[in-house]
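Structure record follows, encoded as structure tokens.
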Amino acid sequence: MNRTANRVIIDDTTLRDGEQSAGVSFTLEEKLAIAANLDAIGVPELEIGIPAMGDEERDSMRAVVALGLKASLIAWCRMTEREIRLSADLGVDLLELSIPVSDQQIERKLDRDRRFVLDTIARHVRLAGDLGLRVSVGCEDASRADKEFLYQVAEQVQASGAERIRFADTVGIMEPFGVLEVIGDLRAMVDIHIEMHAHDDLGLATANTLAAIRAGATHVNTTVNGLGERAGNAPLEEVAMGMQKLYGLDSGIDLTRIGPVSQLVEQASGRPVGWQKSIVGEGVFTHEAGIHVDGLLKDPANYQALDPREVGRELRIVLGKHSGRKAVVQAYGNLGIQLDALEAELLLGQLRRLCERTKRSPTPGELSRLYLMLEQSGRTGYGQRRDA
Ligand SMILES: [Zn+2]
């Protein structure tokens with residue numbers, strides 16, 4: 001199935017690289033739910049596992065295949081005859097055959113040389129083809145490879161009959177300008193699909209993925225919430241939104257439904273999403289009532305480039321250290337308590353101390369308690385509680 005004619009394809013690897021995150025392990029039910037949910041919101045490709053891990057992993061991959069999803073499904077293998085044969089009857093659409101291309105890994109992991117890598121690619125891509133399998137060649141540690149050798153590898157990948165080459169920034173040490181150059185070179189050199197696989201060790205995975213798209217990559221790897229080894233992979237939600245907002249590219253993904261998928265992966269992985277995590281973090285559409293909120297209420301575009309409704313969220317305004325008296329009166333008004341000016345002033349001082357102590361916004365219960373304490377301290381009598 002070739003969907004790449006006019007579109008950049010997101011190949012989400014939450015179920016493979018995401019699960020490789022230290023300590024993360026999905027049950028079969030979780031794996032099926034994640035696959036089905038990603039498919040339902042329109043993710044066009046899913047990398048669903050590593051056949052060499054054993055019978056259980058292969059059975060779980062067969063179960064994903066049996067869901068009959070619209071998405072293309074990919075198995076990740078090291079480039080060996082054994083792993084290709086283990087994958088032959090899984091029913092996946094494509095094999096990702098991975099081989100190191102940096103001297104660092106060729107010499108110090110494989111204990112081999114560059115010639116071995118070129119020969120291995122030629123032999124195994126042909127073997128997979130003979131078995132009727134479509135192949136992408138994953139260039140592991142491509143970002144640390146000698147460029148001339150990487151280009152030789154790319155030519156070999158194309159000549160051997162693979163349909164795609166994956167450029168893996170395995171250790172996450174690239175920056176967008178370098179990506180633009182190397183992916184641009186590859187684009188000029190081969191006619192096959194090019195996929196970017198970015199890691200976030202320097203916080204640049206999304207930037208590098210977008211740079212690869214600009215340079216001509218046809219496919220990009222992501223994971224939900226950026227789950228993945230070490231600092232993780234390029235987050236699905238950021239890449240899809242970046243494609244849309246910055247390049248006007250439709251990823252085909254319905255981002256208004258990303259929230260529940262993010263929460264599903266958060267739960268299944270046991271890796272909490274940060275409060276400030278772009279797009280899916282709890283706090284990214286929350287504003288503290290204060291100087292900015294006045295402008296925000298006049299027109300949300302004054303302080304928000306992203307409409308929360310685009311990702312199925314809502315704007316939230318909370319009280320905090322930077323809030324003024326007006327906001328305090330409004331917040332208490334919402335609780336059915338009318339404050340006068342003196343009460344608002346006194347409560348504002350209390351609220352600021354509370355926020356300093358708790359490092360968060362006050363809850364409605366805390367607001368009510370502060371008001372009761374004020375009443376009991378006898379400094380009031382002016383405030384009228386509206387009958388609820
Ligand atoms: Zn990776």
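Starting from 1 in every chain, residues are counted up; chains themselves are A, B, ... following the order of the structure tokens, and ligands are numbered from 1 as listed.
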*May I ask you to write as number ranges by chain all residues lying at most 8 Å from ligand 1, with only C-alpha atoms and all ligand atoms counted?*
A: 17, 168-171, 197-199, 228-229, 232-233
*Fewer than 6 positions away in the same chain doesn't count, so skip those; otherwise give me all residues within 6 Å of region 235-241 of chain A, counting only C-alpha atoms, as a list in words.*
Thr206, Thr222, Thr223, Val224, Asn225, Gly226 and Ser251 of chain A
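For the pair CA of Asp59 (chain A) and CA of Ile74 (chain A), the separation is 14.4 Å.
Shortest separation to Val43 (chain A) among A:Cys355, A:Val220, A:Val182, A:Met79 occurs at residue A:Val220, atoms counted being only C-alpha atoms.
Computed from the coordinates, the CA of Gly49 (chain A) to CA of Ala215 (chain A) distance equals 28.4 Å.
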_Residues of region 174-216 of chain A in strand (DSSP E), written as a ChimeraX atom specification_ = /A:193-198
Store the residues picked out above in a file with N, CA, C and O atoms, as a PDB file, in the first residue's frame.
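Saved as again36.pdb:
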```
ATOM      1  N   HIS A 193      12.070   6.168  -0.989  1.00  0.00           N
ATOM      2  CA  HIS A 193      11.556   6.940   0.139  1.00  0.00           C
ATOM      3  C   HIS A 193      12.635   7.120   1.202  1.00  0.00           C
ATOM      4  O   HIS A 193      13.459   6.228   1.419  1.00  0.00           O
ATOM      5  N   ILE A 194      12.581   8.270   1.854  1.00  0.00           N
ATOM      6  CA  ILE A 194      13.543   8.561   2.926  1.00  0.00           C
ATOM      7  C   ILE A 194      12.762   8.826   4.205  1.00  0.00           C
ATOM      8  O   ILE A 194      11.815   9.615   4.216  1.00  0.00           O
ATOM      9  N   GLU A 195      13.189   8.153   5.281  1.00  0.00           N
ATOM     10  CA  GLU A 195      12.497   8.295   6.563  1.00  0.00           C
ATOM     11  C   GLU A 195      13.443   8.856   7.612  1.00  0.00           C
ATOM     12  O   GLU A 195      14.598   8.457   7.688  1.00  0.00           O
ATOM     13  N   MET A 196      12.938   9.774   8.424  1.00  0.00           N
ATOM     14  CA  MET A 196      13.742  10.348   9.505  1.00  0.00           C
ATOM     15  C   MET A 196      13.334   9.718  10.832  1.00  0.00           C
ATOM     16  O   MET A 196      12.162   9.602  11.142  1.00  0.00           O
ATOM     17  N   HIS A 197      14.354   9.348  11.613  1.00  0.00           N
ATOM     18  CA  HIS A 197      14.124   8.770  12.933  1.00  0.00           C
ATOM     19  C   HIS A 197      14.943   9.591  13.925  1.00  0.00           C
ATOM     20  O   HIS A 197      16.164   9.486  13.959  1.00  0.00           O
ATOM     21  N   ALA A 198      14.269  10.436  14.691  1.00  0.00           N
ATOM     22  CA  ALA A 198      14.993  11.383  15.552  1.00  0.00           C
ATOM     23  C   ALA A 198      14.786  11.080  17.025  1.00  0.00           C
ATOM     24  O   ALA A 198      13.690  10.719  17.447  1.00  0.00           O
TER      25      ALA A 198
END
```
Would you list, as a short mmCIF file (atom, residue, chain, number, x, y, z; two decimals) with C-alpha atoms, in the first residue's frame, the residues of region 79-212 of chain A that end up in helix (DSSP H, G or I) under DSSP run on this structure's backbone?
```cif
data_model
loop_
_atom_site.label_atom_id
_atom_site.label_comp_id
_atom_site.auth_asym_id
_atom_site.auth_seq_id
_atom_site.Cartn_x
_atom_site.Cartn_y
_atom_site.Cartn_z
CA GLU A 81 18.61 -14.01 7.73
CA ARG A 82 17.16 -15.48 10.92
CA GLU A 83 15.17 -12.36 11.78
CA ILE A 84 13.89 -11.93 8.24
CA ARG A 85 12.64 -15.52 8.23
CA LEU A 86 11.05 -15.05 11.66
CA SER A 87 9.06 -12.16 10.23
CA ASP A 103 32.33 3.27 12.15
CA GLN A 104 31.76 3.52 15.89
CA GLN A 105 29.05 0.85 15.77
CA ILE A 106 30.37 -1.13 12.81
CA GLU A 107 33.71 -1.64 14.53
CA ARG A 108 32.84 -1.56 18.21
CA ARG A 114 32.25 -1.10 5.97
CA ARG A 115 32.50 -3.71 3.22
CA PHE A 116 30.57 -6.13 5.42
CA VAL A 117 27.76 -3.58 5.81
CA LEU A 118 27.41 -3.02 2.05
CA ASP A 119 27.44 -6.77 1.32
CA THR A 120 24.98 -7.51 4.11
CA ILE A 121 22.51 -4.95 2.79
CA ALA A 122 22.69 -6.34 -0.75
CA ARG A 123 22.23 -9.93 0.39
CA HIS A 124 19.42 -9.42 2.89
CA VAL A 125 17.30 -6.98 0.93
CA ARG A 126 17.33 -9.49 -1.93
CA LEU A 127 16.48 -12.36 0.41
CA ALA A 128 13.50 -10.45 1.80
CA GLY A 129 12.41 -9.60 -1.72
CA ASP A 130 12.62 -13.26 -2.70
CA ALA A 142 23.49 7.35 10.63
CA SER A 143 24.09 10.73 12.27
CA ARG A 144 27.59 9.64 13.35
CA LYS A 147 29.00 10.97 5.10
CA GLU A 148 30.68 9.49 2.04
CA PHE A 149 30.06 6.02 3.40
CA LEU A 150 26.45 6.86 4.24
CA TYR A 151 25.90 7.93 0.62
CA GLN A 152 27.47 4.65 -0.57
CA VAL A 153 25.06 2.83 1.71
CA ALA A 154 22.10 4.76 0.29
CA GLU A 155 23.07 3.81 -3.25
CA GLN A 156 23.43 0.20 -2.20
CA VAL A 157 20.01 0.27 -0.50
CA GLN A 158 18.39 1.54 -3.68
CA ALA A 159 20.31 -0.81 -5.96
CA SER A 160 19.33 -3.80 -3.81
CA PRO A 176 18.16 20.99 12.15
CA PHE A 177 20.72 22.63 9.83
CA GLY A 178 22.82 19.46 9.69
CA VAL A 179 19.69 17.42 9.06
CA LEU A 180 18.66 19.72 6.23
CA GLU A 181 22.03 19.16 4.59
CA VAL A 182 22.38 15.41 4.94
CA ILE A 183 18.76 14.56 4.10
CA GLY A 184 18.96 17.00 1.19
CA ASP A 185 22.06 15.16 -0.08
CA LEU A 186 20.29 11.81 0.22
CA ARG A 187 17.23 13.23 -1.54
CA ALA A 188 19.38 14.32 -4.47
CA MET A 189 21.11 10.94 -4.59
CA ALA A 205 13.77 15.65 17.88
CA THR A 206 10.78 17.59 16.56
CA ALA A 207 12.96 20.30 15.01
CA ASN A 208 15.14 17.68 13.32
CA THR A 209 12.10 15.79 12.05
CA LEU A 210 10.61 18.95 10.55
CA ALA A 211 13.98 19.82 9.01
CA ALA A 212 14.07 16.37 7.39
#
```
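Comparing A:Glu356, A:Glu314, A:Glu47, A:Glu375 by their smallest distance to Leu339 (chain A), the closest is A:Glu375 (using only C-alpha atoms).
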I'd like the neighbourhood of region 276-288 of chain A as a PDB file with N, CA and C atoms, in the first residue's frame, where a residue qualifies if any of its atoms comes within 8 Å (using only C-alpha atoms), though same-chain residues fewer than 4 positions away should be ignored.
```pdb
ATOM      1  N   ASN A 225       3.481  11.112  22.945  1.00  0.00           N
ATOM      2  CA  ASN A 225       4.097  11.763  24.118  1.00  0.00           C
ATOM      3  C   ASN A 225       5.625  11.792  24.035  1.00  0.00           C
ATOM      4  N   GLU A 237       2.343  14.132  18.480  1.00  0.00           N
ATOM      5  CA  GLU A 237       1.473  15.309  18.521  1.00  0.00           C
ATOM      6  C   GLU A 237       2.216  16.557  18.065  1.00  0.00           C
ATOM      7  N   GLU A 238       3.503  16.661  18.377  1.00  0.00           N
ATOM      8  CA  GLU A 238       4.274  17.842  17.967  1.00  0.00           C
ATOM      9  C   GLU A 238       4.570  17.822  16.470  1.00  0.00           C
ATOM     10  N   ILE A 258      -6.348  13.627  19.919  1.00  0.00           N
ATOM     11  CA  ILE A 258      -5.043  13.175  20.409  1.00  0.00           C
ATOM     12  C   ILE A 258      -5.034  13.002  21.936  1.00  0.00           C
ATOM     13  N   GLY A 259      -5.861  13.758  22.641  1.00  0.00           N
ATOM     14  CA  GLY A 259      -5.839  13.725  24.112  1.00  0.00           C
ATOM     15  C   GLY A 259      -6.026  12.330  24.692  1.00  0.00           C
ATOM     16  N   SER A 262      -3.034  10.125  24.032  1.00  0.00           N
ATOM     17  CA  SER A 262      -1.923  10.498  24.904  1.00  0.00           C
ATOM     18  C   SER A 262      -2.118   9.897  26.296  1.00  0.00           C
ATOM     19  N   VAL A 293      -3.947  37.976  30.962  1.00  0.00           N
ATOM     20  CA  VAL A 293      -5.280  37.432  30.747  1.00  0.00           C
ATOM     21  C   VAL A 293      -6.240  38.499  30.243  1.00  0.00           C
ATOM     22  N   PRO A 308      -6.865  25.933  21.515  1.00  0.00           N
ATOM     23  CA  PRO A 308      -6.990  24.648  22.213  1.00  0.00           C
ATOM     24  C   PRO A 308      -8.012  23.708  21.571  1.00  0.00           C
ATOM     25  N   VAL A 311      -6.930  20.840  19.300  1.00  0.00           N
ATOM     26  CA  VAL A 311      -6.464  19.569  19.867  1.00  0.00           C
ATOM     27  C   VAL A 311      -7.440  19.076  20.935  1.00  0.00           C
ATOM     28  N   ARG A 313      -9.115  20.636  23.239  1.00  0.00           N
ATOM     29  CA  ARG A 313      -8.929  21.143  24.606  1.00  0.00           C
ATOM     30  C   ARG A 313      -9.693  22.448  24.785  1.00  0.00           C
ATOM     31  N   GLU A 314      -9.654  22.953  26.023  1.00  0.00           N
ATOM     32  CA  GLU A 314     -10.297  24.232  26.322  1.00  0.00           C
ATOM     33  C   GLU A 314      -9.329  25.144  27.053  1.00  0.00           C
ATOM     34  N   LEU A 315      -9.559  26.415  26.851  1.00  0.00           N
ATOM     35  CA  LEU A 315      -8.808  27.428  27.585  1.00  0.00           C
ATOM     36  C   LEU A 315      -9.216  27.377  29.054  1.00  0.00           C
ATOM     37  N   ARG A 316      -8.230  27.511  29.956  1.00  0.00           N
ATOM     38  CA  ARG A 316      -8.556  27.516  31.377  1.00  0.00           C
ATOM     39  C   ARG A 316      -7.842  28.706  32.029  1.00  0.00           C
ATOM     40  N   ILE A 317      -8.558  29.410  32.842  1.00  0.00           N
ATOM     41  CA  ILE A 317      -7.946  30.543  33.544  1.00  0.00           C
ATOM     42  C   ILE A 317      -8.018  30.273  35.034  1.00  0.00           C
ATOM     43  N   VAL A 318      -6.873  30.358  35.702  1.00  0.00           N
ATOM     44  CA  VAL A 318      -6.823  30.049  37.136  1.00  0.00           C
ATOM     45  C   VAL A 318      -6.237  31.233  37.897  1.00  0.00           C
ATOM     46  N   LEU A 319      -6.444  31.215  39.205  1.00  0.00           N
ATOM     47  CA  LEU A 319      -5.861  32.250  40.048  1.00  0.00           C
ATOM     48  C   LEU A 319      -4.426  31.895  40.406  1.00  0.00           C
ATOM     49  N   GLY A 320      -3.628  32.901  40.697  1.00  0.00           N
ATOM     50  CA  GLY A 320      -2.252  32.641  41.115  1.00  0.00           C
ATOM     51  C   GLY A 320      -1.620  33.895  41.663  1.00  0.00           C
ATOM     52  N   HIS A 322       0.110  36.056  40.341  1.00  0.00           N
ATOM     53  CA  HIS A 322       0.081  37.258  39.502  1.00  0.00           C
ATOM     54  C   HIS A 322      -1.325  37.798  39.280  1.00  0.00           C
ATOM     55  N   SER A 323      -2.299  37.177  39.919  1.00  0.00           N
ATOM     56  CA  SER A 323      -3.678  37.633  39.742  1.00  0.00           C
ATOM     57  C   SER A 323      -3.914  38.922  40.524  1.00  0.00           C
TER      58      SER A 323
END
```
*asked:* Using Å and a single decimal, report how far CA of Ala289 (chain A) sits from CA of Ser377 (chain A).
replied: 27.0 Å
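When only C-alpha atoms are used to measure the gap to Gln244 (chain A), the shortest distance among A:Leu202, A:Ala22, A:Ala145, A:Ile213 belongs to A:Ile213.
Shell of Gly252 (chain A) at 10 Å, with only C-alpha atoms counted and residues fewer than 3 places along the chain excluded, is A:Arg7, A:Val8, A:Ile9, A:Ile10, A:Ile41, A:Gly42, A:Val43, A:Pro44, A:Ala240, A:Gln244, A:Leu249, A:Leu255.
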*Would you list the contacts of region 366-370 of chain A as a PyMOL selection string, taking every protein, DNA or RNA residue within 12 Å and counting only C-alpha atoms, but skipping same-chain residues closer than 5 positions in sequence?*
chain A and resi 318-320+328-338+343-344+346-355+358+360-361+375-377+385
Pull N, CA, C and O atoms from the residues just selected and write them as a compact mmCIF listing (two decimals), in the first residue's frame.
```txt
# COMPACT_ATOMS: atom_id res chain seq x y z
N VAL A 318 -6.87 30.36 35.70
CA VAL A 318 -6.82 30.05 37.14
C VAL A 318 -6.24 31.23 37.90
O VAL A 318 -5.61 32.12 37.32
N LEU A 319 -6.44 31.21 39.20
CA LEU A 319 -5.86 32.25 40.05
C LEU A 319 -4.43 31.90 40.41
O LEU A 319 -4.06 30.72 40.44
N GLY A 320 -3.63 32.90 40.70
CA GLY A 320 -2.25 32.64 41.11
C GLY A 320 -1.62 33.90 41.66
O GLY A 320 -2.29 34.91 41.87
N VAL A 328 -9.81 37.95 41.59
CA VAL A 328 -10.23 37.30 42.84
C VAL A 328 -11.74 37.47 43.04
O VAL A 328 -12.46 36.52 43.36
N VAL A 329 -12.21 38.68 42.80
CA VAL A 329 -13.65 38.94 42.92
C VAL A 329 -14.43 38.03 41.97
O VAL A 329 -15.44 37.41 42.33
N GLN A 330 -13.89 37.88 40.74
CA GLN A 330 -14.57 37.06 39.73
C GLN A 330 -14.59 35.58 40.15
O GLN A 330 -15.60 34.90 40.04
N ALA A 331 -13.44 35.10 40.64
CA ALA A 331 -13.34 33.69 41.03
C ALA A 331 -14.31 33.39 42.18
O ALA A 331 -14.98 32.34 42.18
N TYR A 332 -14.38 34.28 43.15
CA TYR A 332 -15.31 34.06 44.26
C TYR A 332 -16.76 34.20 43.80
O TYR A 332 -17.65 33.49 44.26
N GLY A 333 -16.96 35.11 42.85
CA GLY A 333 -18.30 35.26 42.28
C GLY A 333 -18.78 33.95 41.68
O GLY A 333 -19.93 33.55 41.82
N ASN A 334 -17.85 33.24 41.02
CA ASN A 334 -18.21 31.94 40.43
C ASN A 334 -18.60 30.92 41.49
O ASN A 334 -19.29 29.96 41.21
N LEU A 335 -18.12 31.14 42.72
CA LEU A 335 -18.46 30.23 43.82
C LEU A 335 -19.71 30.74 44.58
O LEU A 335 -20.11 30.18 45.59
N GLY A 336 -20.29 31.83 44.10
CA GLY A 336 -21.49 32.37 44.74
C GLY A 336 -21.19 33.29 45.91
O GLY A 336 -22.03 33.53 46.76
N ILE A 337 -19.94 33.78 45.99
CA ILE A 337 -19.56 34.66 47.10
C ILE A 337 -19.22 36.04 46.55
O ILE A 337 -18.31 36.17 45.71
N GLN A 338 -19.95 37.03 46.98
CA GLN A 338 -19.70 38.40 46.53
C GLN A 338 -18.73 39.07 47.51
O GLN A 338 -19.01 39.18 48.69
N GLU A 343 -12.30 42.84 51.42
CA GLU A 343 -12.17 41.37 51.44
C GLU A 343 -11.29 40.87 50.30
O GLU A 343 -10.45 39.99 50.49
N ALA A 344 -11.53 41.44 49.13
CA ALA A 344 -10.73 41.02 47.96
C ALA A 344 -9.25 41.27 48.23
O ALA A 344 -8.39 40.43 47.93
N LEU A 346 -7.70 41.50 51.16
CA LEU A 346 -7.20 40.57 52.19
C LEU A 346 -7.02 39.16 51.63
O LEU A 346 -6.02 38.49 51.88
N LEU A 347 -8.00 38.73 50.85
CA LEU A 347 -7.92 37.37 50.30
C LEU A 347 -6.79 37.25 49.28
O LEU A 347 -6.16 36.20 49.16
N LEU A 348 -6.53 38.30 48.55
CA LEU A 348 -5.45 38.27 47.57
C LEU A 348 -4.11 37.98 48.27
O LEU A 348 -3.32 37.16 47.80
N GLY A 349 -3.90 38.63 49.41
CA GLY A 349 -2.67 38.37 50.18
C GLY A 349 -2.59 36.92 50.63
O GLY A 349 -1.54 36.27 50.52
N GLN A 350 -3.73 36.40 51.12
CA GLN A 350 -3.78 34.99 51.56
C GLN A 350 -3.49 34.05 50.39
O GLN A 350 -2.76 33.07 50.53
N LEU A 351 -4.09 34.38 49.23
CA LEU A 351 -3.93 33.52 48.05
C LEU A 351 -2.48 33.47 47.59
O LEU A 351 -1.96 32.42 47.24
N ARG A 352 -1.83 34.61 47.64
CA ARG A 352 -0.42 34.64 47.20
C ARG A 352 0.43 33.76 48.11
O ARG A 352 1.28 33.01 47.63
N ARG A 353 0.17 33.83 49.40
CA ARG A 353 0.94 32.98 50.33
C ARG A 353 0.65 31.50 50.09
O ARG A 353 1.54 30.66 50.12
N LEU A 354 -0.64 31.20 49.83
CA LEU A 354 -1.02 29.81 49.55
C LEU A 354 -0.30 29.28 48.30
O LEU A 354 0.23 28.16 48.28
N CYS A 355 -0.28 30.08 47.25
CA CYS A 355 0.38 29.67 46.00
C CYS A 355 1.89 29.47 46.21
O CYS A 355 2.49 28.54 45.67
N THR A 358 2.11 26.05 48.03
CA THR A 358 1.69 24.82 47.34
C THR A 358 2.27 24.70 45.94
O THR A 358 2.25 23.63 45.35
N ARG A 360 1.03 25.80 43.23
CA ARG A 360 -0.04 25.55 42.25
C ARG A 360 -1.17 26.53 42.48
O ARG A 360 -1.13 27.31 43.43
N SER A 361 -2.18 26.44 41.59
CA SER A 361 -3.35 27.30 41.73
C SER A 361 -4.24 26.77 42.85
O SER A 361 -4.28 25.56 43.08
N GLU A 375 -13.88 35.23 57.40
CA GLU A 375 -15.13 35.53 58.11
C GLU A 375 -14.97 35.34 59.60
O GLU A 375 -15.36 36.18 60.40
N GLN A 376 -14.36 34.18 59.97
CA GLN A 376 -14.23 33.84 61.39
C GLN A 376 -13.27 34.77 62.11
O GLN A 376 -13.40 35.01 63.30
N SER A 377 -12.31 35.28 61.37
CA SER A 377 -11.33 36.16 62.02
C SER A 377 -11.97 37.51 62.35
O SER A 377 -11.33 38.37 62.94
N ARG A 385 -22.98 36.44 51.24
CA ARG A 385 -23.01 35.16 50.55
C ARG A 385 -24.34 35.02 49.84
O ARG A 385 -25.39 35.14 50.50
```
